[in-house]
Amino acid sequence: MAHTTTSRRTRGPLLRAQAILAAVAATALLSACGGVEVRDGGDGATKDASGPLKLAVVPKAVGADYWNTVKAGAECAAQRAGDVTVQWDGVTTETDVEGQVNLIQNFVTKKVDGIVYAATDSSALAPATDQALGANIPVAMIDSGTSPQPSSVPLFATDNRASATEAAKLLATELGPGDHEVALVEFQPGSQTNTERVDGFKAGLAQYPNLKLVGQQPSRSDVNEARRVTENILTANPKLAGVFAANEPSVLGAAQAIQAAGKSGKVVIIGWDAAPDEIAGVRNGQISALVVQNPFKMGYFGVDKMVKHLRDKAPLASADTGVTFVTKENIDSAEIKAVLEPSCANPPVQ
């Protein structure tokens with residue numbers, strides 16, 4: 001039987017995408033991990049991991065559709081493994097880096113059997129990972145890792161850099177020949193995923209000298225902030241032709257700003273993630289394409305691989321969880337439906 005405990009922290013502080021789809025097929029991330037011995041209470045006794053397990057699963061923040069899907073994947077893996085409790089906890093905003101550090105430290109103090117989490121800040125969370133490993137608690141990262149990241153810690157995530165490069169190519173294809181001004185709405189500077197998507201997008205733009213990046217602003221993963229910065233970019237650049245928005249809140253806020261300016265359908269939006277409002281935007285033509293990750297697989301792999309490591313001594317090894325480009329043309333296909341509507345009855349495999 002699987003169990004889940006959940007708590008919420010309140011700390012403050014298209015299209016031609018089919019060919020591109022194949023280019024972003026999942027590739028294995030480099031990193032493998034050797035065995036990690038789990039001890040109970042620091043008394044030198046090896047923990048009997050064949051019995052009940054308690055795993056901490058910590059998203060960047062609670063509440064967003066993306067992280068809810070990660071949670072569903074984690075719970076699915078726990079259910080299928082049997083006798084695994086998922087202790088789900090997270091801060092309310094991705095900017096609460098200190099809050100997430102405290103969460104990881106608290107789980108170390110509670111002596112959970114394993115920790116699966118997505119780092120809000122790659123540098124700030126590295127010591128927390130080291131603290132867990134020092135207490136002989138194995139760690140697996142999902143979505144976003146740390147820098148540095150120990151070789152014993154796997155990452156189950158998207159190849160963000162390659163996917164963002166393809167997003168830039170798709171934006172260029174949609175805009176067509178001629179000179180065009182484009183903008184980038186990133187989300188959380190300091191986050192590994194943010195850095196990789198920004199770098200990947202700019203690498204893609206470099207292949208198209210007819211595209212000029214005229215604005216780059218962070219949304220702080222807040223819809224209202226994304227709308228505000230996009231409005232400012234539109235005001236400063238009335239000829240803006242395209243926007244790449246790098247996560248769910250950034251996409252939704254940018255789309256709101258473009259709609260309010262009366263430019264829906266005139267400014268091409270290439271977004272990231274697959275919240276219901278984003279999918280609706282693809283259907284009505286406001287959003288040209290979405291880079292859709294597999295958060296269900298991230299959560300599933302994080303828990304599944306951790307359980308197998310603890311119970312069977314299976315090595316922890318990183319894996320690319322893949323992306324799919326969703327457009328108006330393919331949104332109703334069986335392939336896209338499987339990604340948008342994941343089911344525990346048909347869990348991901350590797």
# chains A, B, ... in the order shown; residues from 1 in each chain; ligands from 1

call {"tool": "select_by_dssp", "arguments": {"residues": "segment 65-207 of chain A", "states": "helix (DSSP H, G or I)", "output": "number ranges by chain"}}
result
A: 65-81, 97-109, 126-134, 160-175, 192-205

call {"tool": "closest_atom_pairs", "arguments": {"of": "segment 160-275 of chain A", "to": "segment 334-342 of chain A", "cutoff": "12 Å", "atoms": "only C-alpha atoms", "output": "JSON lines"}}
result
{"residue": "A:Asp273", "atom": "CA", "partner": "A:Leu340", "partner_atom": "CA", "distance": 9.9}
{"residue": "A:Ala274", "atom": "CA", "partner": "A:Leu340", "partner_atom": "CA", "distance": 7.2}
{"residue": "A:Ala275", "atom": "CA", "partner": "A:Leu340", "partner_atom": "CA", "distance": 9.0}

call {"tool": "write_last_selection", "arguments": {"atoms": "C-alpha atoms", "output": "mmCIF file, in the first residue's frame"}}
result
data_model
loop_
_atom_site.group_PDB
_atom_site.id
_atom_site.type_symbol
_atom_site.label_atom_id
_atom_site.label_comp_id
_atom_site.auth_asym_id
_atom_site.auth_seq_id
_atom_site.Cartn_x
_atom_site.Cartn_y
_atom_site.Cartn_z
ATOM 1 C CA ASP A 273 4.843 23.240 -19.968
ATOM 2 C CA ALA A 274 1.245 22.146 -20.424
ATOM 3 C CA ALA A 275 -1.132 23.716 -17.898
#

call {"tool": "closest_atom_pairs", "arguments": {"of": "segment 148-187 of chain A", "to": "segment 204-216 of chain A", "cutoff": "8 Å", "atoms": "only C-alpha atoms", "output": "CSV"}}
result
residue,atom,partner,partner_atom,distance
A:Ala164,CA,A:Gly204,CA,7.5
A:Thr165,CA,A:Gly204,CA,4.3
A:Glu166,CA,A:Gly204,CA,6.7
A:Ala167,CA,A:Gly204,CA,7.7
A:Ala168,CA,A:Gly204,CA,5.0
A:Lys169,CA,A:Gly204,CA,6.0
A:Ala172,CA,A:Tyr208,CA,7.2
A:Pro177,CA,A:Asn210,CA,7.7
A:Gly178,CA,A:Asn210,CA,6.2
A:Asp179,CA,A:Asn210,CA,4.5
A:His180,CA,A:Leu211,CA,5.0
A:Glu181,CA,A:Lys212,CA,4.9
A:Val182,CA,A:Leu213,CA,5.0
A:Ala183,CA,A:Gly215,CA,4.7
A:Leu184,CA,A:Gln216,CA,4.7
A:Val185,CA,A:Gln216,CA,5.8
A:Glu186,CA,A:Gln216,CA,7.2

call {"tool": "residues_around", "arguments": {"residues": "Val108 of chain A", "least_positions_apart": "5", "cutoff": "12 Å", "atoms": "only C-alpha atoms", "output": "number ranges by chain"}}
result
A: 39-42, 54-56, 101-103, 113-116, 128-139

call {"tool": "write_last_selection", "arguments": {"atoms": "N, CA and C atoms", "output": "PDB file, in the first residue's frame"}}
result
ATOM      1  N   ARG A  39      21.794   4.218   6.621  1.00  0.00           N
ATOM      2  CA  ARG A  39      21.879   3.832   8.023  1.00  0.00           C
ATOM      3  C   ARG A  39      20.755   4.485   8.807  1.00  0.00           C
ATOM      4  N   ASP A  40      20.409   3.845   9.906  1.00  0.00           N
ATOM      5  CA  ASP A  40      19.286   4.292  10.707  1.00  0.00           C
ATOM      6  C   ASP A  40      19.797   4.904  11.994  1.00  0.00           C
ATOM      7  N   GLY A  41      19.588   6.216  12.117  1.00  0.00           N
ATOM      8  CA  GLY A  41      19.847   6.879  13.383  1.00  0.00           C
ATOM      9  C   GLY A  41      21.298   7.120  13.688  1.00  0.00           C
ATOM     10  N   GLY A  42      22.195   6.803  12.742  1.00  0.00           N
ATOM     11  CA  GLY A  42      23.597   7.105  12.964  1.00  0.00           C
ATOM     12  C   GLY A  42      24.261   6.193  13.965  1.00  0.00           C
ATOM     13  N   LYS A  54      10.010   5.464   3.907  1.00  0.00           N
ATOM     14  CA  LYS A  54       9.500   6.834   3.923  1.00  0.00           C
ATOM     15  C   LYS A  54      10.411   7.691   3.054  1.00  0.00           C
ATOM     16  N   LEU A  55       9.846   8.227   1.982  1.00  0.00           N
ATOM     17  CA  LEU A  55      10.618   9.048   1.054  1.00  0.00           C
ATOM     18  C   LEU A  55      10.092  10.470   1.061  1.00  0.00           C
ATOM     19  N   ALA A  56      10.990  11.426   1.195  1.00  0.00           N
ATOM     20  CA  ALA A  56      10.625  12.840   1.068  1.00  0.00           C
ATOM     21  C   ALA A  56      10.678  13.213  -0.404  1.00  0.00           C
ATOM     22  N   VAL A 101      15.776  25.015   1.493  1.00  0.00           N
ATOM     23  CA  VAL A 101      16.950  24.511   2.215  1.00  0.00           C
ATOM     24  C   VAL A 101      16.525  23.961   3.571  1.00  0.00           C
ATOM     25  N   ASN A 102      15.687  24.721   4.276  1.00  0.00           N
ATOM     26  CA  ASN A 102      15.218  24.280   5.592  1.00  0.00           C
ATOM     27  C   ASN A 102      14.412  22.988   5.504  1.00  0.00           C
ATOM     28  N   LEU A 103      13.612  22.865   4.444  1.00  0.00           N
ATOM     29  CA  LEU A 103      12.827  21.643   4.258  1.00  0.00           C
ATOM     30  C   LEU A 103      13.729  20.420   4.127  1.00  0.00           C
ATOM     31  N   ASP A 113      14.127   7.748   4.600  1.00  0.00           N
ATOM     32  CA  ASP A 113      14.972   6.751   3.947  1.00  0.00           C
ATOM     33  C   ASP A 113      15.622   7.268   2.670  1.00  0.00           C
ATOM     34  N   GLY A 114      15.003   8.245   2.034  1.00  0.00           N
ATOM     35  CA  GLY A 114      15.555   8.823   0.818  1.00  0.00           C
ATOM     36  C   GLY A 114      14.903  10.156   0.530  1.00  0.00           C
ATOM     37  N   ILE A 115      15.601  11.009  -0.201  1.00  0.00           N
ATOM     38  CA  ILE A 115      15.086  12.336  -0.549  1.00  0.00           C
ATOM     39  C   ILE A 115      15.114  12.495  -2.062  1.00  0.00           C
ATOM     40  N   VAL A 116      13.972  12.890  -2.612  1.00  0.00           N
ATOM     41  CA  VAL A 116      13.832  13.173  -4.040  1.00  0.00           C
ATOM     42  C   VAL A 116      13.374  14.616  -4.155  1.00  0.00           C
ATOM     43  N   ALA A 128      22.801  21.402   1.059  1.00  0.00           N
ATOM     44  CA  ALA A 128      21.733  20.590   1.642  1.00  0.00           C
ATOM     45  C   ALA A 128      21.818  19.153   1.140  1.00  0.00           C
ATOM     46  N   THR A 129      22.137  19.000  -0.145  1.00  0.00           N
ATOM     47  CA  THR A 129      22.337  17.656  -0.688  1.00  0.00           C
ATOM     48  C   THR A 129      23.505  16.972   0.009  1.00  0.00           C
ATOM     49  N   ASP A 130      24.588  17.703   0.194  1.00  0.00           N
ATOM     50  CA  ASP A 130      25.757  17.141   0.872  1.00  0.00           C
ATOM     51  C   ASP A 130      25.418  16.728   2.302  1.00  0.00           C
ATOM     52  N   GLN A 131      24.583  17.523   2.963  1.00  0.00           N
ATOM     53  CA  GLN A 131      24.192  17.202   4.332  1.00  0.00           C
ATOM     54  C   GLN A 131      23.423  15.880   4.374  1.00  0.00           C
ATOM     55  N   ALA A 132      22.528  15.694   3.426  1.00  0.00           N
ATOM     56  CA  ALA A 132      21.767  14.442   3.374  1.00  0.00           C
ATOM     57  C   ALA A 132      22.690  13.254   3.125  1.00  0.00           C
ATOM     58  N   LEU A 133      23.580  13.395   2.166  1.00  0.00           N
ATOM     59  CA  LEU A 133      24.509  12.305   1.866  1.00  0.00           C
ATOM     60  C   LEU A 133      25.410  12.013   3.062  1.00  0.00           C
ATOM     61  N   GLY A 134      25.797  13.068   3.779  1.00  0.00           N
ATOM     62  CA  GLY A 134      26.621  12.893   4.967  1.00  0.00           C
ATOM     63  C   GLY A 134      25.910  12.126   6.066  1.00  0.00           C
ATOM     64  N   ALA A 135      24.577  12.182   6.052  1.00  0.00           N
ATOM     65  CA  ALA A 135      23.768  11.429   7.012  1.00  0.00           C
ATOM     66  C   ALA A 135      23.382  10.061   6.456  1.00  0.00           C
ATOM     67  N   ASN A 136      24.024   9.664   5.355  1.00  0.00           N
ATOM     68  CA  ASN A 136      23.765   8.378   4.696  1.00  0.00           C
ATOM     69  C   ASN A 136      22.333   8.246   4.197  1.00  0.00           C
ATOM     70  N   ILE A 137      21.767   9.364   3.753  1.00  0.00           N
ATOM     71  CA  ILE A 137      20.446   9.371   3.129  1.00  0.00           C
ATOM     72  C   ILE A 137      20.648   9.603   1.637  1.00  0.00           C
ATOM     73  N   PRO A 138      20.293   8.649   0.788  1.00  0.00           N
ATOM     74  CA  PRO A 138      20.489   8.840  -0.652  1.00  0.00           C
ATOM     75  C   PRO A 138      19.577   9.924  -1.195  1.00  0.00           C
ATOM     76  N   VAL A 139      20.047  10.595  -2.229  1.00  0.00           N
ATOM     77  CA  VAL A 139      19.323  11.718  -2.833  1.00  0.00           C
ATOM     78  C   VAL A 139      19.201  11.487  -4.332  1.00  0.00           C
TER      79      VAL A 139
END

call {"tool": "residues_around", "arguments": {"residues": "Ser123 of chain A", "least_positions_apart": "2", "cutoff": "6 Å", "atoms": "only C-alpha atoms", "output": "list in words"}}
result
Asp121, Leu125, Ala126, Thr146 and Ser147 of chain A

call {"tool": "residues_around", "arguments": {"residues": "Asp222 of chain A", "least_positions_apart": "5", "cutoff": "9 Å", "atoms": "only C-alpha atoms", "output": "number ranges by chain"}}
result
A: 93, 187, 227, 249-250, 253

call {"tool": "closest_atom_pairs", "arguments": {"of": "segment 258-324 of chain A", "to": "segment 62-79 of chain A", "cutoff": "10 Å", "atoms": "only C-alpha atoms", "output": "JSON lines"}}
result
{"residue": "A:Asp273", "atom": "CA", "partner": "A:Tyr66", "partner_atom": "CA", "distance": 7.2}
{"residue": "A:Ala274", "atom": "CA", "partner": "A:Tyr66", "partner_atom": "CA", "distance": 7.5}
{"residue": "A:Ala275", "atom": "CA", "partner": "A:Asp65", "partner_atom": "CA", "distance": 5.9}
{"residue": "A:Pro276", "atom": "CA", "partner": "A:Asp65", "partner_atom": "CA", "distance": 8.2}
{"residue": "A:Gln293", "atom": "CA", "partner": "A:Tyr66", "partner_atom": "CA", "distance": 9.2}
{"residue": "A:Asn294", "atom": "CA", "partner": "A:Val70", "partner_atom": "CA", "distance": 8.5}
{"residue": "A:Pro295", "atom": "CA", "partner": "A:Val70", "partner_atom": "CA", "distance": 4.8}
{"residue": "A:Phe296", "atom": "CA", "partner": "A:Gly73", "partner_atom": "CA", "distance": 4.3}
{"residue": "A:Lys297", "atom": "CA", "partner": "A:Gly73", "partner_atom": "CA", "distance": 6.1}
{"residue": "A:Met298", "atom": "CA", "partner": "A:Val70", "partner_atom": "CA", "distance": 6.3}
{"residue": "A:Gly299", "atom": "CA", "partner": "A:Ala74", "partner_atom": "CA", "distance": 4.3}
{"residue": "A:Tyr300", "atom": "CA", "partner": "A:Gly73", "partner_atom": "CA", "distance": 4.3}
{"residue": "A:Phe301", "atom": "CA", "partner": "A:Ala77", "partner_atom": "CA", "distance": 7.6}
{"residue": "A:Gly302", "atom": "CA", "partner": "A:Ala74", "partner_atom": "CA", "distance": 7.0}
{"residue": "A:Val303", "atom": "CA", "partner": "A:Ala74", "partner_atom": "CA", "distance": 5.6}
{"residue": "A:Asp304", "atom": "CA", "partner": "A:Ala77", "partner_atom": "CA", "distance": 5.3}
{"residue": "A:Lys305", "atom": "CA", "partner": "A:Ala77", "partner_atom": "CA", "distance": 9.0}
{"residue": "A:Met306", "atom": "CA", "partner": "A:Ala77", "partner_atom": "CA", "distance": 10.0}
{"residue": "A:Val307", "atom": "CA", "partner": "A:Ala78", "partner_atom": "CA", "distance": 8.2}

call {"tool": "closest_residue", "arguments": {"among": "A:Glu98, A:Glu231, A:Glu329, A:Asp83", "to": "Leu53 of chain A", "atoms": "only C-alpha atoms"}}
result
A:Asp83

call {"tool": "residues_around", "arguments": {"residues": "Gly242 of chain A", "least_positions_apart": "2", "cutoff": "6 Å", "atoms": "only C-alpha atoms", "output": "list of chain:residue names"}}
result
A:Val182, A:Val267, A:Val268, A:Ile269

call {"tool": "atom_distance", "arguments": {"atom1": "atom CA of Phe107 of chain A", "atom2": "atom CA of Gly145 of chain A"}}
result
17.8 Å

call {"tool": "closest_residue", "arguments": {"among": "A:Ser264, A:Cys344, A:Arg311, A:Val282", "to": "Asp332 of chain A", "atoms": "only C-alpha atoms"}}
result
A:Val282

call {"tool": "closest_residue", "arguments": {"among": "A:Leu240, A:Ala261, A:Leu171, A:Pro154", "to": "Arg228 of chain A", "atoms": "only C-alpha atoms"}}
result
A:Ala261

call {"tool": "closest_residue", "arguments": {"among": "A:Arg220, A:Val243, A:Pro189, A:Gly262", "to": "Phe201 of chain A", "atoms": "only C-alpha atoms"}}
result
A:Val243

call {"tool": "select_by_dssp", "arguments": {"residues": "segment 28-198 of chain A", "states": "strand (DSSP E)", "output": "PyMOL selection string"}}
result
chain A and resi 53-58+84-90+114-117+139-142+155-157+180-186

call {"tool": "atom_distance", "arguments": {"atom1": "atom CA of Leu234 of chain A", "atom2": "atom CA of Asn284 of chain A"}}
result
21.5 Å

call {"tool": "closest_residue", "arguments": {"among": "A:Ala81, A:Ala203, A:Ile104, A:Val198", "to": "Gln217 of chain A", "atoms": "only C-alpha atoms"}}
result
A:Val198

call {"tool": "atom_distance", "arguments": {"atom1": "atom CA of Ala241 of chain A", "atom2": "atom CA of Ile270 of chain A"}}
result
11.4 Å

call {"tool": "decode", "arguments": {"residues": "segment 126-170 of chain A", "atoms": "C-alpha atoms", "output": "PDB file, in the first residue's frame"}}
result
ATOM      1  CA  ALA A 126      24.191  21.959  -3.011  1.00  0.00           C
ATOM      2  CA  PRO A 127      25.143  22.024   0.707  1.00  0.00           C
ATOM      3  CA  ALA A 128      21.733  20.590   1.642  1.00  0.00           C
ATOM      4  CA  THR A 129      22.337  17.656  -0.688  1.00  0.00           C
ATOM      5  CA  ASP A 130      25.757  17.141   0.872  1.00  0.00           C
ATOM      6  CA  GLN A 131      24.192  17.202   4.332  1.00  0.00           C
ATOM      7  CA  ALA A 132      21.767  14.442   3.374  1.00  0.00           C
ATOM      8  CA  LEU A 133      24.509  12.305   1.866  1.00  0.00           C
ATOM      9  CA  GLY A 134      26.621  12.893   4.967  1.00  0.00           C
ATOM     10  CA  ALA A 135      23.768  11.429   7.012  1.00  0.00           C
ATOM     11  CA  ASN A 136      23.765   8.378   4.696  1.00  0.00           C
ATOM     12  CA  ILE A 137      20.446   9.371   3.129  1.00  0.00           C
ATOM     13  CA  PRO A 138      20.489   8.840  -0.652  1.00  0.00           C
ATOM     14  CA  VAL A 139      19.323  11.718  -2.833  1.00  0.00           C
ATOM     15  CA  ALA A 140      17.833  11.856  -6.323  1.00  0.00           C
ATOM     16  CA  MET A 141      17.126  15.082  -8.201  1.00  0.00           C
ATOM     17  CA  ILE A 142      14.116  15.670 -10.428  1.00  0.00           C
ATOM     18  CA  ASP A 143      13.655  18.532 -12.901  1.00  0.00           C
ATOM     19  CA  SER A 144      16.596  20.574 -11.566  1.00  0.00           C
ATOM     20  CA  GLY A 145      19.895  19.566 -10.038  1.00  0.00           C
ATOM     21  CA  THR A 146      22.592  21.320  -8.046  1.00  0.00           C
ATOM     22  CA  SER A 147      25.982  22.742  -8.911  1.00  0.00           C
ATOM     23  CA  PRO A 148      28.154  21.002  -8.063  1.00  0.00           C
ATOM     24  CA  GLN A 149      26.172  17.774  -8.094  1.00  0.00           C
ATOM     25  CA  PRO A 150      27.748  14.702  -6.483  1.00  0.00           C
ATOM     26  CA  SER A 151      28.363  11.790  -8.844  1.00  0.00           C
ATOM     27  CA  SER A 152      26.247   9.583  -6.581  1.00  0.00           C
ATOM     28  CA  VAL A 153      23.162  11.767  -7.152  1.00  0.00           C
ATOM     29  CA  PRO A 154      21.130  11.124 -10.323  1.00  0.00           C
ATOM     30  CA  LEU A 155      19.017  13.649 -12.193  1.00  0.00           C
ATOM     31  CA  PHE A 156      15.717  12.743 -13.834  1.00  0.00           C
ATOM     32  CA  ALA A 157      14.958  15.710 -16.035  1.00  0.00           C
ATOM     33  CA  THR A 158      14.527  17.231 -19.460  1.00  0.00           C
ATOM     34  CA  ASP A 159      17.489  18.089 -21.667  1.00  0.00           C
ATOM     35  CA  ASN A 160      16.553  21.734 -21.223  1.00  0.00           C
ATOM     36  CA  ARG A 161      19.357  23.195 -23.289  1.00  0.00           C
ATOM     37  CA  ALA A 162      18.693  21.106 -26.399  1.00  0.00           C
ATOM     38  CA  SER A 163      14.935  21.566 -26.116  1.00  0.00           C
ATOM     39  CA  ALA A 164      15.225  25.348 -25.799  1.00  0.00           C
ATOM     40  CA  THR A 165      17.514  25.435 -28.833  1.00  0.00           C
ATOM     41  CA  GLU A 166      14.842  23.617 -30.822  1.00  0.00           C
ATOM     42  CA  ALA A 167      12.249  26.067 -29.468  1.00  0.00           C
ATOM     43  CA  ALA A 168      14.287  28.919 -30.964  1.00  0.00           C
ATOM     44  CA  LYS A 169      14.386  27.108 -34.294  1.00  0.00           C
ATOM     45  CA  LEU A 170      10.635  26.613 -34.159  1.00  0.00           C
TER      46      LEU A 170
END
